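Peer 1: Pasting in a structure now, in C-alpha cells, and then I'll have a few things to ask.
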Amino acid sequence: MYKILRRKQLNDTVVRLDVEAPFIAKKAKAGQFIILRIDERGERMPLTIADTNAEEGSVSIIFQIVGQTTMLLSQMKEGDFLLDFVGPLGAATEFGDIKKACVIGGGVGNAIAYPSAKALFNMGVDVDVIAGFRSKDIVILEDEYKEVCNRLFITTDDGTYGEKGFVTNKLQDLIDAGNNYDLVIAIGPIPMMKFVSKVTEPYNIKTLVSLNPIMIDGTGMCGGCRVTVGGEIKFACVDGPDFDGHQVDYDELMKRNSTYREFEAHDRENCRM
Ligand code: FES
C-alpha cells in the first residue's frame, strides 16, 4: 500500500499527489512513468512521474480529471492509500550531449515537461521553457518552472495571461531571433506535438515528444500502446514514451486515443463514489 503524503489542487481539473514510494523515488529518471491502481476494483492507470524527492522517499504525480479513475483519484485525501504504485516504467529520456534546449509543455502536459526541464537545467544546459495554456485559470507550475530554466515564456490561447498565442508561434519567434536549439522537447496534446515537430523539422532540430497511447500492462505484453514511428511499430511503454517527433504517425495515435472518449465521459458522469 502506498500512502498519499500530500494533495494539492492545481486548477479546477488538475490535481497533484505526493505518494510515499521510496524505491521509485530513488530510481526514477525524467520521462519514466508509474502505473497505479486505487483498489482491487480499479483500472490500471499510467502516469508520468512529475517529480521525485529521494530524501523524503516521495513521488509526485499530476493528473487531469478525464474519466472515472482520475475522478476517484482526485477525491483521495492525505493519509489515504493506493493499492498499487508500480515503477519506474519506460525508458528514461535520452537528452544526448546538448548545450541549449527548449522545453515546451501544453496544458497538463506541463507536468511531464517539467521533469525534463529540471533534468536538463541540472545538467548545466541553457533551458528555455514555453508553457502553453488555454487561459489564465488553468496555468500550472509557473513557480516550479522558474527554478529550473533560464527563461520562461507563458502563452495563453486567449491572451488572459502571458503572451497571446500558441506555443508554436513562440517557438518560431525564438528560432527566428537566433536561438540555436540542439534539442526541443514537446509534451502536451497530440496536435501540439505534431505542429511543434513541423516547426523544428526544416531546421533539423532534434525533437522529442512524449506519447500517451492507451496502456494496459505497461510491460510490452498486451500491445495496447502500439504506435507507429518511422514506419515501424513501437510499444510506448517499453520503447518510449519518448520518440523522435519527426517520425511519429500522429493521426493514427489520435484515432486510437479517441476510441474510449465516450466511455470516459459516461464514467465521469456516473462515478461510483
Ligand atoms: Fe501493453 Fe505497452 S501497455 S504493450
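Chain labels A, B, ... are given in the sequence in which chains occur in the C-alpha cells; within each chain residues are numbered consecutively from 1, and ligands are likewise numbered from 1 in the order shown.
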Among stretch 49-262 of chain A, which ones does DSSP place in strand (DSSP E), written as a PyMOL selection string?
Peer 2: chain A and resi 49-53+58-64+81-82+84-89+100-106+126-133+151-156+163-164+183-187+206-210+226-229+232-235+242-244
Peer 1: Can you tell me which residues come within 12 Å of ligand 1 when counting only C-alpha atoms and all ligand atoms, ideally as an MDAnalysis selection string?
Peer 2: chainID A and resid 33:35 44:46 89:90 211:227 233:241
Peer 1: Set out as a Markdown table a contact list for stretch 112-146 of chain A and stretch 181-185 of chain A with a cut-off of 10 Å, giving each residue of stretch 112-146 of chain A that qualifies its closest atom pair and distance in Å to one decimal, counting only C-alpha atoms, ordered by chain and rising residue number.
Peer 2:
| residue | atom | partner | partner_atom | distance |
| --- | --- | --- | --- | --- |
| A:Ala113 | CA | A:Ile185 | CA | 7.6 |
| A:Ser116 | CA | A:Ile185 | CA | 8.1 |
| A:Ala117 | CA | A:Ile185 | CA | 8.9 |
| A:Asp126 | CA | A:Tyr181 | CA | 9.3 |
| A:Val127 | CA | A:Tyr181 | CA | 9.3 |
| A:Asp128 | CA | A:Tyr181 | CA | 9.3 |
| A:Val129 | CA | A:Ile185 | CA | 9.5 |
Peer 1: I need the chosen residues saved as a short mmCIF file (atom, residue, chain, number, x, y, z; two decimals), in the first residue's frame, with N, CA, C and O atoms.
Peer 2:
data_model
loop_
_atom_site.label_atom_id
_atom_site.label_comp_id
_atom_site.auth_asym_id
_atom_site.auth_seq_id
_atom_site.Cartn_x
_atom_site.Cartn_y
_atom_site.Cartn_z
N ALA A 113 6.52 17.81 -18.91
CA ALA A 113 7.63 18.61 -19.43
C ALA A 113 8.53 19.12 -18.29
O ALA A 113 9.75 19.22 -18.45
N SER A 116 11.68 17.13 -17.35
CA SER A 116 12.70 17.23 -18.40
C SER A 116 13.46 18.54 -18.27
O SER A 116 14.69 18.58 -18.38
N ALA A 117 12.72 19.64 -18.06
CA ALA A 117 13.38 20.94 -17.88
C ALA A 117 14.32 20.89 -16.67
O ALA A 117 15.47 21.35 -16.73
N ASP A 126 21.48 25.25 -21.10
CA ASP A 126 20.74 26.51 -21.16
C ASP A 126 19.30 26.16 -21.60
O ASP A 126 19.09 25.68 -22.71
N VAL A 127 18.35 26.37 -20.70
CA VAL A 127 16.99 25.88 -20.94
C VAL A 127 15.98 27.01 -21.09
O VAL A 127 15.83 27.84 -20.18
N ASP A 128 15.29 27.04 -22.22
CA ASP A 128 14.11 27.89 -22.38
C ASP A 128 12.88 27.00 -22.20
O ASP A 128 12.88 25.86 -22.66
N VAL A 129 11.88 27.54 -21.53
CA VAL A 129 10.62 26.79 -21.39
C VAL A 129 9.49 27.63 -22.00
O VAL A 129 9.39 28.83 -21.74
#
Peer 1: With only C-alpha atoms as the atoms that count, which of A:Asp97, A:Asp158, A:Gly109, A:Cys102 lies nearest to A:Met123?
Peer 2: A:Asp97
Peer 1: Taking into account only C-alpha atoms, which residue in the set A:Leu10, A:Val199, A:Ala92, A:Ala111 is nearest to A:Asp173?
Peer 2: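 The answer is A:Val199, which sits nearest to A:Asp173.
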Peer 1: Residues of stretch 36-187 of chain A in helix (DSSP H, G or I) according to DSSP, as a PyMOL selection string?
Peer 2: chain A and resi 68-74+107-122+136-138+142-146+167-176
Peer 1: Between atom CA of A:Met254 and atom CA of A:Lys194, what distance in Å does the model show, to one decimal?
Peer 2: 10.6 Å
Peer 1: Could you list, as a ChimeraX atom specification, every residue within 6 Å of A:Ile154, counting only C-alpha atoms and ignoring same-chain residues fewer than 4 positions away?
Peer 2: /A:130-132,162
